>>> print(open('run_31.pdb').read())   # PDB, C-alpha atoms
ATOM      1  CA  MET H  26      10.722  23.054   5.681
ATOM      2  CA  SER H  27       7.590  21.594   7.265
ATOM      3  CA  PHE H  28       6.476  17.970   7.135
ATOM      4  CA  ASN H  29       2.980  16.556   7.098
ATOM      5  CA  LYS H  30       1.763  13.080   8.019
ATOM      6  CA  THR H  31       2.604  11.645   4.599
ATOM      7  CA  THR H  32       6.064  13.225   4.281
ATOM      8  CA  PRO H  33       8.957  11.439   6.003
ATOM      9  CA  SER H  34      10.852  13.548   8.503
ATOM     10  CA  ALA H  35      14.463  14.576   8.031
ATOM     11  CA  HIS H  36      15.362  11.746  10.435
ATOM     12  CA  TRP H  37      14.155   9.184   7.880
ATOM     13  CA  HIS H  38      17.113  10.080   5.656
ATOM     14  CA  HIS H  39      19.493   9.166   8.481
ATOM     15  CA  VAL H  40      17.584   5.986   9.291
ATOM     16  CA  GLN H  41      17.932   4.761   5.719
ATOM     17  CA  LYS H  42      21.705   5.170   5.936
ATOM     18  CA  ASN H  43      21.913   3.412   9.308
ATOM     19  CA  PRO H  44      23.527  -0.076   9.028
ATOM     20  CA  THR H  45      20.870  -1.409  11.404
ATOM     21  CA  TYR H  46      18.063  -0.485   9.009
ATOM     22  CA  TRP H  47      17.091  -3.161   6.482
ATOM     23  CA  ASP H  48      16.483  -1.396   3.203
ATOM     24  CA  GLY H  49      12.848  -1.715   2.164
ATOM     25  CA  ALA H  50      11.542  -2.881   5.547
ATOM     26  CA  ILE H  51       8.964  -0.080   5.573
ATOM     27  CA  SER H  52       7.611   2.424   3.083
ATOM     28  CA  ASP H  53       8.032   6.187   3.061
ATOM     29  CA  SER H  54       4.412   6.588   4.146
ATOM     30  CA  GLU H  55       4.967   4.291   7.129
ATOM     31  CA  ALA H  56       8.169   6.131   8.043
ATOM     32  CA  ALA H  57       6.296   9.435   8.001
ATOM     33  CA  LYS H  58       4.115   8.277  10.904
ATOM     34  CA  ILE H  59       7.049   7.308  13.140
ATOM     35  CA  THR H  60       8.834   9.549  15.618
ATOM     36  CA  TRP H  61      12.416   8.373  15.239
ATOM     37  CA  HIS H  62      14.734   8.078  18.211
ATOM     38  CA  SER H  63      18.499   8.200  17.669
ATOM     39  CA  PRO H  64      18.242   7.720  13.888
ATOM     40  CA  THR H  65      22.014   7.629  13.410
ATOM     41  CA  ASP H  66      22.759   5.161  16.230
ATOM     42  CA  GLU H  67      23.529   1.636  14.984
ATOM     43  CA  ARG H  68      22.432   0.308  18.372
ATOM     44  CA  SER H  69      18.903   1.687  18.068
ATOM     45  CA  SER H  70      16.353  -0.787  19.377
ATOM     46  CA  GLN H  71      13.631   0.971  17.401
ATOM     47  CA  ILE H  72      15.415   0.646  14.058
ATOM     48  CA  PHE H  73      16.372  -2.984  14.681
ATOM     49  CA  CYS H  74      12.808  -3.916  15.592
ATOM     50  CA  ILE H  75      11.292  -2.159  12.577
ATOM     51  CA  SER H  76      13.898  -3.705  10.280
ATOM     52  CA  VAL H  77      13.170  -7.232  11.458
ATOM     53  CA  PHE H  78       9.373  -7.124  11.653
ATOM     54  CA  GLY H  79       8.982  -4.824   8.662
ATOM     55  CA  GLU H  80      11.024  -7.093   6.388
ATOM     56  CA  LEU H  81       9.637 -10.266   7.930
ATOM     57  CA  HIS H  82       6.180  -9.335   6.680
ATOM     58  CA  HIS H  83       7.476  -9.556   3.089
ATOM     59  CA  LEU H  84       8.736 -13.103   3.562
ATOM     60  CA  PRO H  85       6.966 -16.441   3.022
ATOM     61  CA  GLU H  86       7.632 -17.476   6.641
ATOM     62  CA  TRP H  87       5.757 -14.480   8.134
ATOM     63  CA  ASN H  88       2.666 -16.279   9.390
ATOM     64  CA  GLU H  89       4.581 -19.390  10.417
ATOM     65  CA  ILE H  90       7.077 -17.423  12.488
ATOM     66  CA  LEU H  91       4.386 -15.390  14.231
ATOM     67  CA  ALA H  92       2.464 -18.566  15.053
ATOM     68  CA  GLY H  93       5.616 -19.933  16.687
ATOM     69  CA  LEU H  94       6.383 -16.746  18.605
ATOM     70  CA  PHE H  95       2.813 -16.611  19.904
ATOM     71  CA  SER H  96       2.511 -20.313  20.753
ATOM     72  CA  ASP H  97       2.756 -19.664  24.516
ATOM     73  CA  ILE H  98       0.370 -16.701  24.653
ATOM     74  CA  LEU H  99      -2.423 -17.456  22.188
ATOM     75  CA  PRO H 100      -4.601 -20.551  21.744
ATOM     76  CA  ALA H 101      -4.038 -22.477  18.533
ATOM     77  CA  GLU H 102      -7.136 -21.128  16.783
ATOM     78  CA  ALA H 103      -6.098 -17.534  17.522
ATOM     79  CA  ARG H 104      -2.642 -17.993  15.965
ATOM     80  CA  ILE H 105      -4.068 -18.795  12.554
ATOM     81  CA  GLY H 106      -3.153 -16.246   9.903
ATOM     82  CA  PRO H 107      -3.017 -14.460   7.739
ATOM     83  CA  TRP H 108      -1.511 -11.809   9.996
ATOM     84  CA  PRO H 109      -1.713  -8.378   8.339
ATOM     85  CA  ARG H 110       1.083  -5.838   8.105
ATOM     86  CA  PRO H 111       2.298  -4.774  11.559
ATOM     87  CA  ARG H 112       1.773  -1.252  12.821
ATOM     88  CA  PHE H 113       4.842   0.331  14.386
ATOM     89  CA  GLU H 114       4.945   2.786  17.294
ATOM     90  CA  TYR H 115       1.188   2.342  17.588
ATOM     91  CA  THR H 116      -0.932   4.509  19.870
ATOM     92  CA  ASP H 117      -4.631   4.927  20.622
ATOM     93  CA  ARG H 118      -5.354   7.396  23.406
ATOM     94  CA  SER H 119      -8.927   6.220  23.854
ATOM     95  CA  ILE H 120      -8.016   2.684  24.950
ATOM     96  CA  LEU H 121      -6.742   3.507  28.462
ATOM     97  CA  GLY H 122      -8.102   7.000  28.962
ATOM     98  CA  GLU H 123      -4.794   8.589  27.942
ATOM     99  CA  THR H 124      -6.569  11.546  26.412
ATOM    100  CA  ALA H 125      -5.543  15.212  26.430
ATOM    101  CA  SER H 126      -1.900  15.889  27.323
ATOM    102  CA  GLY H 127       0.843  13.484  28.369
ATOM    103  CA  LYS H 128       2.428  10.529  26.617
ATOM    104  CA  PRO H 129       0.099   7.678  25.652
ATOM    105  CA  THR H 130       1.065   4.009  25.642
ATOM    106  CA  ASN H 131       3.229   3.423  22.597
ATOM    107  CA  VAL H 132       3.417  -0.150  21.270
ATOM    108  CA  ASP H 133       6.562  -1.112  19.347
ATOM    109  CA  VAL H 134       4.704  -3.586  17.116
ATOM    110  CA  PHE H 135       0.915  -3.874  17.107
ATOM    111  CA  LEU H 136      -0.621  -6.904  15.409
ATOM    112  CA  GLU H 137      -4.271  -7.854  15.115
ATOM    113  CA  THR H 138      -6.549 -10.243  13.283
ATOM    114  CA  PRO H 139     -10.268 -10.954  13.717
ATOM    115  CA  ARG H 140      -9.187 -13.571  16.266
ATOM    116  CA  ALA H 141      -6.403 -11.912  18.249
ATOM    117  CA  VAL H 142      -4.392  -8.852  19.285
ATOM    118  CA  VAL H 143      -0.700  -8.992  20.186
ATOM    119  CA  CYS H 144       1.516  -6.168  21.425
ATOM    120  CA  VAL H 145       5.237  -6.728  20.880
ATOM    121  CA  GLU H 146       7.762  -4.864  23.006
ATOM    122  CA  SER H 147      11.304  -4.975  21.651
ATOM    123  CA  LYS H 148      14.586  -4.430  23.464
ATOM    124  CA  PHE H 149      18.074  -4.592  21.985
ATOM    125  CA  LEU H 150      21.246  -3.480  23.790
ATOM    126  CA  TYR H 151      21.161  -0.670  26.329
ATOM    127  CA  ASP H 152      17.418  -0.771  26.807
ATOM    128  CA  ALA H 153      17.631  -4.548  27.252
ATOM    129  CA  ALA H 154      20.075  -4.040  30.100
ATOM    130  CA  ASP H 155      17.796  -1.424  31.659
ATOM    131  CA  GLY H 156      14.633  -3.443  31.079
ATOM    132  CA  PHE H 157      11.166  -1.967  31.060
ATOM    133  CA  GLY H 158      10.459   1.588  32.125
ATOM    134  CA  GLY H 159       9.031   2.735  35.438
ATOM    135  CA  CYS H 160       6.513   5.416  36.279
ATOM    136  CA  GLY H 161       7.773   8.880  35.454
ATOM    137  CA  GLN H 162       5.622  10.497  38.152
ATOM    138  CA  ILE H 163       7.970   9.139  40.795
ATOM    139  CA  ALA H 164      11.108  10.007  38.863
ATOM    140  CA  ASN H 165      10.032  13.641  38.443
ATOM    141  CA  GLY H 166       9.033  14.007  42.081
ATOM    142  CA  ASN H 167       5.302  14.423  41.485
ATOM    143  CA  CYS H 168       4.494  11.193  43.331
ATOM    144  CA  ARG H 169       5.835  10.090  46.716
ATOM    145  CA  GLY H 170       6.275   6.530  45.475
ATOM    146  CA  PHE H 171       3.476   4.604  47.171
ATOM    147  CA  TYR H 172      -0.102   3.680  46.237
ATOM    148  CA  GLY H 173      -2.312   5.361  48.787
ATOM    149  CA  ALA H 174      -3.759   8.570  50.159
ATOM    150  CA  HIS H 175      -1.448  11.607  50.059
ATOM    151  CA  SER H 176       0.904  10.052  47.501
ATOM    152  CA  ASP H 177       0.159  12.901  45.079
ATOM    153  CA  HIS H 178       3.027  15.248  45.856
ATOM    154  CA  LYS H 179       2.193  17.807  43.158
ATOM    155  CA  THR H 180      -1.504  18.665  43.294
ATOM    156  CA  ARG H 181      -2.137  16.887  46.625
ATOM    157  CA  GLN H 182      -5.482  15.512  45.485
ATOM    158  CA  GLU H 183      -7.087  12.767  47.563
ATOM    159  CA  VAL H 184      -6.405   9.856  45.227
ATOM    160  CA  ASN H 185      -4.349   6.710  45.707
ATOM    161  CA  CYS H 186      -2.480   7.340  42.443
ATOM    162  CA  ARG H 187      -1.973  10.818  41.022
ATOM    163  CA  LEU H 188      -2.471   9.418  37.503
ATOM    164  CA  GLU H 189      -6.117   8.872  38.466
ATOM    165  CA  ALA H 190      -6.527  12.623  39.032
ATOM    166  CA  ARG H 191      -6.863  15.370  36.469
ATOM    167  CA  ASP H 192      -3.735  17.490  36.337
ATOM    168  CA  GLY H 193      -3.940  20.579  34.157
ATOM    169  CA  LYS H 194      -4.546  19.399  30.586
ATOM    170  CA  ARG H 195      -3.957  15.733  31.414
ATOM    171  CA  ASP H 196      -7.082  13.624  31.814
ATOM    172  CA  PRO H 197      -7.284  10.931  34.530
ATOM    173  CA  ARG H 198      -5.758   7.621  33.429
ATOM    174  CA  ARG H 199      -7.818   4.451  33.813
ATOM    175  CA  TYR H 200      -5.015   1.972  34.565
ATOM    176  CA  TRP H 201      -6.117   1.027  38.076
ATOM    177  CA  GLU H 202      -9.793   0.922  37.175
ATOM    178  CA  ILE H 203      -9.297  -1.380  34.177
ATOM    179  CA  GLY H 204      -6.646  -3.417  35.946
ATOM    180  CA  ARG H 205      -9.043  -4.707  38.604
ATOM    181  CA  GLN H 206     -10.282  -7.253  36.084
ATOM    182  CA  TYR H 207      -6.791  -8.668  35.519
ATOM    183  CA  PHE H 208      -4.533  -7.929  38.514
ATOM    184  CA  GLN H 209      -4.159  -9.733  41.830
ATOM    185  CA  THR H 210      -6.021  -8.291  44.814
ATOM    186  CA  ALA H 211      -2.781  -7.473  46.627
ATOM    187  CA  ILE H 212      -1.880  -4.936  43.926
ATOM    188  CA  PHE H 213      -4.708  -2.684  45.148
ATOM    189  CA  HIS H 214      -3.898  -2.741  48.862
ATOM    190  CA  GLN H 215      -3.611   0.829  50.058
ATOM    191  CA  GLN H 216      -0.070   1.733  51.046
ATOM    192  CA  SER H 217       1.613   4.252  53.330
ATOM    193  CA  PRO H 218       4.720   6.434  53.038
ATOM    194  CA  GLY H 219       7.789   4.213  52.832
ATOM    195  CA  ASP H 220       6.007   1.511  50.836
ATOM    196  CA  HIS H 221       6.700   1.012  47.153
ATOM    197  CA  CYS H 222       3.991   1.221  44.509
ATOM    198  CA  PRO H 223       3.741  -2.059  42.550
ATOM    199  CA  PHE H 224       4.019  -0.044  39.337
ATOM    200  CA  ALA H 225       6.911   2.168  40.364
ATOM    201  CA  GLY H 226       9.428   0.091  38.411
ATOM    202  CA  PRO H 227       9.365  -2.065  35.258
ATOM    203  CA  ASN H 228       5.861  -3.322  35.994
ATOM    204  CA  PHE H 229       4.609   0.086  34.857
ATOM    205  CA  GLN H 230       5.479  -0.313  31.172
ATOM    206  CA  LEU H 231       4.412  -3.956  31.184
ATOM    207  CA  MET H 232       1.132  -3.036  32.883
ATOM    208  CA  ARG H 233       0.255  -0.439  30.257
ATOM    209  CA  ASN H 234       1.071  -2.757  27.370
ATOM    210  CA  PHE H 235      -0.889  -5.614  28.909
ATOM    211  CA  LEU H 236      -3.963  -3.462  29.469
ATOM    212  CA  PHE H 237      -3.633  -1.955  25.991
ATOM    213  CA  ALA H 238      -3.658  -5.414  24.399
ATOM    214  CA  ALA H 239      -6.514  -6.653  26.565
ATOM    215  CA  ARG H 240      -8.725  -3.623  25.940
ATOM    216  CA  SER H 241      -7.917  -3.548  22.228
ATOM    217  CA  ALA H 242      -8.905  -7.200  21.908
ATOM    218  CA  GLY H 243     -12.155  -6.844  23.809
ATOM    219  CA  PRO H 244     -14.140  -9.858  25.043
ATOM    220  CA  ALA H 245     -14.378 -11.617  21.661
ATOM    221  CA  ARG H 246     -10.682 -11.919  20.777
ATOM    222  CA  SER H 247      -7.602 -13.456  22.391
ATOM    223  CA  CYS H 248      -4.682 -11.211  23.290
ATOM    224  CA  GLY H 249      -1.083 -11.454  24.316
ATOM    225  CA  ILE H 250       2.129  -9.564  25.091
ATOM    226  CA  LEU H 251       5.478 -10.627  23.655
ATOM    227  CA  ALA H 252       8.762  -9.149  24.848
ATOM    228  CA  ILE H 253      11.508  -9.873  22.338
ATOM    229  CA  VAL H 254      15.231  -9.337  22.801
ATOM    230  CA  PRO H 255      18.512 -10.900  21.627
ATOM    231  CA  ALA H 256      19.325 -13.974  23.724
ATOM    232  CA  LYS H 257      22.682 -12.436  24.636
ATOM    233  CA  THR H 258      21.026  -9.486  26.408
ATOM    234  CA  ALA H 259      17.792 -11.136  27.549
ATOM    235  CA  SER H 260      18.448 -11.676  31.258
ATOM    236  CA  GLU H 261      16.865  -8.533  32.730
ATOM    237  CA  VAL H 262      13.861  -8.505  30.396
ATOM    238  CA  THR H 263      13.157 -12.206  30.969
ATOM    239  CA  GLN H 264      13.236 -11.762  34.745
ATOM    240  CA  GLN H 265      10.967  -8.725  34.647
ATOM    241  CA  VAL H 266       8.398 -10.477  32.461
ATOM    242  CA  ALA H 267       8.405 -13.490  34.789
ATOM    243  CA  ALA H 268       7.972 -11.262  37.847
ATOM    244  CA  PHE H 269       5.077  -9.373  36.270
ATOM    245  CA  ARG H 270       3.382 -12.622  35.320
ATOM    246  CA  SER H 271       3.733 -14.113  38.818
ATOM    247  CA  ASN H 272       3.321 -11.047  41.024
ATOM    248  CA  VAL H 273       0.798  -8.886  39.165
ATOM    249  CA  LEU H 274      -1.513 -10.958  36.973
ATOM    250  CA  GLN H 275      -4.321 -13.152  38.184
ATOM    251  CA  VAL H 276      -3.724 -16.823  37.372
ATOM    252  CA  PRO H 277      -6.136 -16.993  34.384
ATOM    253  CA  PHE H 278      -4.181 -14.233  32.627
ATOM    254  CA  GLN H 279      -0.614 -15.281  33.402
ATOM    255  CA  SER H 280      -0.252 -17.218  30.154
ATOM    256  CA  MET H 281      -0.906 -14.061  28.124
ATOM    257  CA  ILE H 282       2.635 -12.684  28.451
ATOM    258  CA  THR H 283       5.996 -14.207  27.568
ATOM    259  CA  SER H 284       9.450 -13.365  26.248
ATOM    260  CA  ALA H 285      11.326 -14.617  23.194
ATOM    261  CA  ALA H 286      14.665 -14.171  21.443
ATOM    262  CA  TYR H 287      15.350 -12.580  18.081
ATOM    263  CA  ASP H 288      17.808 -15.425  17.586
ATOM    264  CA  SER H 289      14.933 -17.888  17.172
ATOM    265  CA  ILE H 290      13.676 -15.891  14.174
ATOM    266  CA  ALA H 291      17.136 -15.973  12.608
ATOM    267  CA  GLU H 292      17.407 -19.723  13.150
ATOM    268  CA  GLN H 293      14.105 -20.404  11.427
ATOM    269  CA  LEU H 294      14.848 -18.101   8.500
ATOM    270  CA  ALA H 295      18.269 -19.695   7.996
ATOM    271  CA  MET H 296      16.568 -22.931   6.938
ATOM    272  CA  SER H 297      14.377 -21.230   4.332
ATOM    273  CA  ALA H 298      14.524 -22.001   0.612
ATOM    274  CA  ASP H 299      13.926 -18.277   0.019
ATOM    275  CA  SER H 300      17.127 -16.258  -0.458
ATOM    276  CA  ARG H 301      15.644 -13.077   0.969
ATOM    277  CA  SER H 302      14.639 -14.959   4.133
ATOM    278  CA  ARG H 303      18.172 -16.282   4.533
ATOM    279  CA  GLY H 304      19.441 -12.746   3.995
ATOM    280  CA  LEU H 305      17.360 -11.433   6.902
ATOM    281  CA  SER H 306      18.657 -14.292   9.035
ATOM    282  CA  ARG H 307      22.242 -13.236   8.322
ATOM    283  CA  PHE H 308      21.358  -9.595   9.024
ATOM    284  CA  ILE H 309      19.850 -10.406  12.437
ATOM    285  CA  ARG H 310      22.844 -12.520  13.437
ATOM    286  CA  GLU H 311      25.382 -10.010  12.148
ATOM    287  CA  ARG H 312      23.783  -7.074  13.969
ATOM    288  CA  ILE H 313      23.562  -9.016  17.231
ATOM    289  CA  ARG H 314      27.113 -10.348  16.926
ATOM    290  CA  THR H 315      28.625  -6.991  15.935
ATOM    291  CA  LEU H 316      26.777  -4.763  18.373
ATOM    292  CA  THR H 317      26.624  -6.975  21.469
TER     293      THR H 317
END
>>> encode(input="run_31.pdb", output="structure tokens")
Amino acid sequence: MSFNKTTPSAHWHHVQKNPTYWDGAISDSEAAKITWHSPTDERSSQIFCISVFGELHHLPEWNEILAGLFSDILPAEARIGPWPRPRFEYTDRSILGETASGKPTNVDVFLETPRAVVCVESKFLYDAADGFGGCGQIANGNCRGFYGAHSDHKTRQEVNCRLEARDGKRDPRRYWEIGRQYFQTAIFHQQSPGDHCPFAGPNFQLMRNFLFAARSAGPARSCGILAIVPAKTASEVTQQVAAFRSNVLQVPFQSMITSAAYDSIAEQLAMSADSRSRGLSRFIRERIRTLT
């Protein structure tokens, strides 16, 4: 059986039976656009994130909770709702030059209004312990691990980063070019063998999400990055966000990224007069308590 863009995949059936999926959080048409990872795993970060933010949009506290989550990364006027329905697993290859082959930046939760753009990156259990992902070019041996001439171990093109070069069907990525507007000067110092590229580790995923938000917002809108994780498993993610803010971003942009805990959403919903809101609060707490 084949599936088109409006027909949920076979994985959707498993997701709906997963105890970590909140029934009704998203529609069949939304599910059809998502590539599901580990649909039967109760510990799935993807399913937990979609359950929380998908259901949260149905609740009366939606705009209030987002305004609180974004209080550190957006100015007051940019936090004003109404915030529309979130888009999950959002991609746009044109934003960072991620055209042709290869994996584009994939945003867990993409939110935008006429005033602001926010990219939310969610972690849960195992991925929270691992933190944000590094550059795959180093892991697969195509890059020698430093930013400088002769780092391209595969095609041996004369570029400082092999992602800036065309490789087969993959177009050159624009990360370094766009990043000059936002990143500290030291990030672009040419390195030699034995040095470590500033985006070799967790800064890579954070860098792509930051640039995606900034370019999506354009000059007329505010933008921000929110990393959200259960407080119980937040240590690694919190440290990585702080390091990226201090060591990569220029001072004027450091306030545009922060981390938060899912627990704060549960606490706020627990005080609601709405029974469905209190139900989501119990769900968040139960999943965190049971699975961590």
>>> residues_around(input="run_31.pdb", residues="H:Asp97", least_positions_apart="5", cutoff="12 Å", atoms="all atoms listed in the file", output="list in words")
Leu91, Ala92, Ala103, Arg104, Cys248, Gly249, Ile250, Leu251, Phe278, Gln279, Ser280, Met281, Ile282, Thr283, Ser284 and Ala285 of chain H
>>> residues_near_point(input="run_31.pdb", point="(3.0, -1.3, 28.4)", cutoff="10 Å", atoms="all atoms listed in the file", output="PyMOL selection string")
chain H and resi 129-133+144-146+157-158+227-238+250
>>> closest_residue(input="run_31.pdb", among="H:Ile51, H:Ile290, H:Cys160, H:Ile72", to="H:His39", atoms="only C-alpha atoms")
H:Ile72
>>> closest_residue(input="run_31.pdb", among="H:Thr60, H:Arg110, H:Ala252, H:Glu292", to="H:Leu81", atoms="all atoms listed in the file")
H:Arg110
>>> resolve_selection(input="run_31.pdb", expression="the PyMOL selection byres ((chain H and resi 138) around 10)", output="PyMOL selection string")
chain H and resi 103-109+136-137+139-143+242+246-247
>>> closest_residue(input="run_31.pdb", among="H:Leu84, H:Val273, H:Leu99, H:Ala57", to="H:Ser300", atoms="only C-alpha atoms")
H:Leu84
>>> decode(input="run_31.pdb", residues="stretch 182-210 of chain H", atoms="N, CA and C atoms", output="PDB file, in the first residue's frame")
ATOM      1  N   GLN H 182      38.419  19.490  -1.611  1.00  0.00           N
ATOM      2  CA  GLN H 182      38.281  20.822  -2.193  1.00  0.00           C
ATOM      3  C   GLN H 182      38.888  21.863  -1.251  1.00  0.00           C
ATOM      4  N   GLU H 183      39.317  22.966  -1.814  1.00  0.00           N
ATOM      5  CA  GLU H 183      39.992  24.011  -1.044  1.00  0.00           C
ATOM      6  C   GLU H 183      38.971  24.932  -0.365  1.00  0.00           C
ATOM      7  N   VAL H 184      38.312  24.403   0.636  1.00  0.00           N
ATOM      8  CA  VAL H 184      37.357  25.176   1.425  1.00  0.00           C
ATOM      9  C   VAL H 184      37.677  24.945   2.899  1.00  0.00           C
ATOM     10  N   ASN H 185      37.288  25.887   3.738  1.00  0.00           N
ATOM     11  CA  ASN H 185      37.524  25.720   5.171  1.00  0.00           C
ATOM     12  C   ASN H 185      36.580  24.702   5.799  1.00  0.00           C
ATOM     13  N   CYS H 186      35.385  24.579   5.223  1.00  0.00           N
ATOM     14  CA  CYS H 186      34.399  23.598   5.697  1.00  0.00           C
ATOM     15  C   CYS H 186      33.835  22.881   4.488  1.00  0.00           C
ATOM     16  N   ARG H 187      33.840  21.562   4.506  1.00  0.00           N
ATOM     17  CA  ARG H 187      33.397  20.820   3.321  1.00  0.00           C
ATOM     18  C   ARG H 187      31.902  21.030   3.044  1.00  0.00           C
ATOM     19  N   LEU H 188      31.141  21.490   4.042  1.00  0.00           N
ATOM     20  CA  LEU H 188      29.730  21.778   3.797  1.00  0.00           C
ATOM     21  C   LEU H 188      29.553  23.001   2.895  1.00  0.00           C
ATOM     22  N   GLU H 189      30.605  23.806   2.765  1.00  0.00           N
ATOM     23  CA  GLU H 189      30.536  24.970   1.877  1.00  0.00           C
ATOM     24  C   GLU H 189      30.797  24.588   0.416  1.00  0.00           C
ATOM     25  N   ALA H 190      31.198  23.349   0.183  1.00  0.00           N
ATOM     26  CA  ALA H 190      31.517  22.889  -1.167  1.00  0.00           C
ATOM     27  C   ALA H 190      30.388  22.016  -1.709  1.00  0.00           C
ATOM     28  N   ARG H 191      30.228  22.032  -2.997  1.00  0.00           N
ATOM     29  CA  ARG H 191      29.277  21.115  -3.629  1.00  0.00           C
ATOM     30  C   ARG H 191      29.863  19.710  -3.586  1.00  0.00           C
ATOM     31  N   ASP H 192      29.011  18.759  -3.226  1.00  0.00           N
ATOM     32  CA  ASP H 192      29.464  17.366  -3.173  1.00  0.00           C
ATOM     33  C   ASP H 192      28.401  16.488  -3.820  1.00  0.00           C
ATOM     34  N   GLY H 193      28.629  16.106  -5.064  1.00  0.00           N
ATOM     35  CA  GLY H 193      27.646  15.306  -5.778  1.00  0.00           C
ATOM     36  C   GLY H 193      26.355  16.090  -5.953  1.00  0.00           C
ATOM     37  N   LYS H 194      25.256  15.551  -5.417  1.00  0.00           N
ATOM     38  CA  LYS H 194      23.950  16.198  -5.543  1.00  0.00           C
ATOM     39  C   LYS H 194      23.671  17.180  -4.410  1.00  0.00           C
ATOM     40  N   ARG H 195      24.584  17.305  -3.468  1.00  0.00           N
ATOM     41  CA  ARG H 195      24.368  18.219  -2.347  1.00  0.00           C
ATOM     42  C   ARG H 195      24.895  19.605  -2.675  1.00  0.00           C
ATOM     43  N   ASP H 196      24.031  20.605  -2.558  1.00  0.00           N
ATOM     44  CA  ASP H 196      24.449  21.983  -2.790  1.00  0.00           C
ATOM     45  C   ASP H 196      25.248  22.510  -1.599  1.00  0.00           C
ATOM     46  N   PRO H 197      26.086  23.537  -1.826  1.00  0.00           N
ATOM     47  CA  PRO H 197      26.834  24.142  -0.712  1.00  0.00           C
ATOM     48  C   PRO H 197      25.881  24.727   0.332  1.00  0.00           C
ATOM     49  N   ARG H 198      26.189  24.481   1.606  1.00  0.00           N
ATOM     50  CA  ARG H 198      25.399  25.045   2.697  1.00  0.00           C
ATOM     51  C   ARG H 198      25.915  26.441   3.027  1.00  0.00           C
ATOM     52  N   ARG H 199      25.032  27.291   3.538  1.00  0.00           N
ATOM     53  CA  ARG H 199      25.369  28.697   3.749  1.00  0.00           C
ATOM     54  C   ARG H 199      25.582  29.034   5.225  1.00  0.00           C
ATOM     55  N   TYR H 200      25.812  28.032   6.065  1.00  0.00           N
ATOM     56  CA  TYR H 200      25.901  28.270   7.505  1.00  0.00           C
ATOM     57  C   TYR H 200      26.954  29.317   7.868  1.00  0.00           C
ATOM     58  N   TRP H 201      28.157  29.140   7.364  1.00  0.00           N
ATOM     59  CA  TRP H 201      29.253  30.042   7.736  1.00  0.00           C
ATOM     60  C   TRP H 201      29.024  31.441   7.176  1.00  0.00           C
ATOM     61  N   GLU H 202      28.532  31.500   5.969  1.00  0.00           N
ATOM     62  CA  GLU H 202      28.258  32.796   5.334  1.00  0.00           C
ATOM     63  C   GLU H 202      27.223  33.591   6.128  1.00  0.00           C
ATOM     64  N   ILE H 203      26.096  32.963   6.441  1.00  0.00           N
ATOM     65  CA  ILE H 203      25.030  33.642   7.177  1.00  0.00           C
ATOM     66  C   ILE H 203      25.457  33.923   8.609  1.00  0.00           C
ATOM     67  N   GLY H 204      26.224  33.013   9.175  1.00  0.00           N
ATOM     68  CA  GLY H 204      26.618  33.136  10.572  1.00  0.00           C
ATOM     69  C   GLY H 204      27.511  34.326  10.884  1.00  0.00           C
ATOM     70  N   ARG H 205      28.164  34.884   9.897  1.00  0.00           N
ATOM     71  CA  ARG H 205      29.053  36.029  10.152  1.00  0.00           C
ATOM     72  C   ARG H 205      28.304  37.223  10.754  1.00  0.00           C
ATOM     73  N   GLN H 206      27.027  37.302  10.506  1.00  0.00           N
ATOM     74  CA  GLN H 206      26.230  38.386  11.070  1.00  0.00           C
ATOM     75  C   GLN H 206      25.977  38.196  12.559  1.00  0.00           C
ATOM     76  N   TYR H 207      26.028  36.935  13.028  1.00  0.00           N
ATOM     77  CA  TYR H 207      25.591  36.625  14.388  1.00  0.00           C
ATOM     78  C   TYR H 207      26.680  36.060  15.296  1.00  0.00           C
ATOM     79  N   PHE H 208      27.728  35.456  14.728  1.00  0.00           N
ATOM     80  CA  PHE H 208      28.705  34.722  15.527  1.00  0.00           C
ATOM     81  C   PHE H 208      29.940  35.556  15.836  1.00  0.00           C
ATOM     82  N   GLN H 209      30.584  35.230  16.942  1.00  0.00           N
ATOM     83  CA  GLN H 209      31.800  35.923  17.360  1.00  0.00           C
ATOM     84  C   GLN H 209      32.921  35.722  16.335  1.00  0.00           C
ATOM     85  N   THR H 210      33.795  36.699  16.244  1.00  0.00           N
ATOM     86  CA  THR H 210      34.884  36.665  15.264  1.00  0.00           C
ATOM     87  C   THR H 210      35.759  35.432  15.420  1.00  0.00           C
TER      88      THR H 210
END
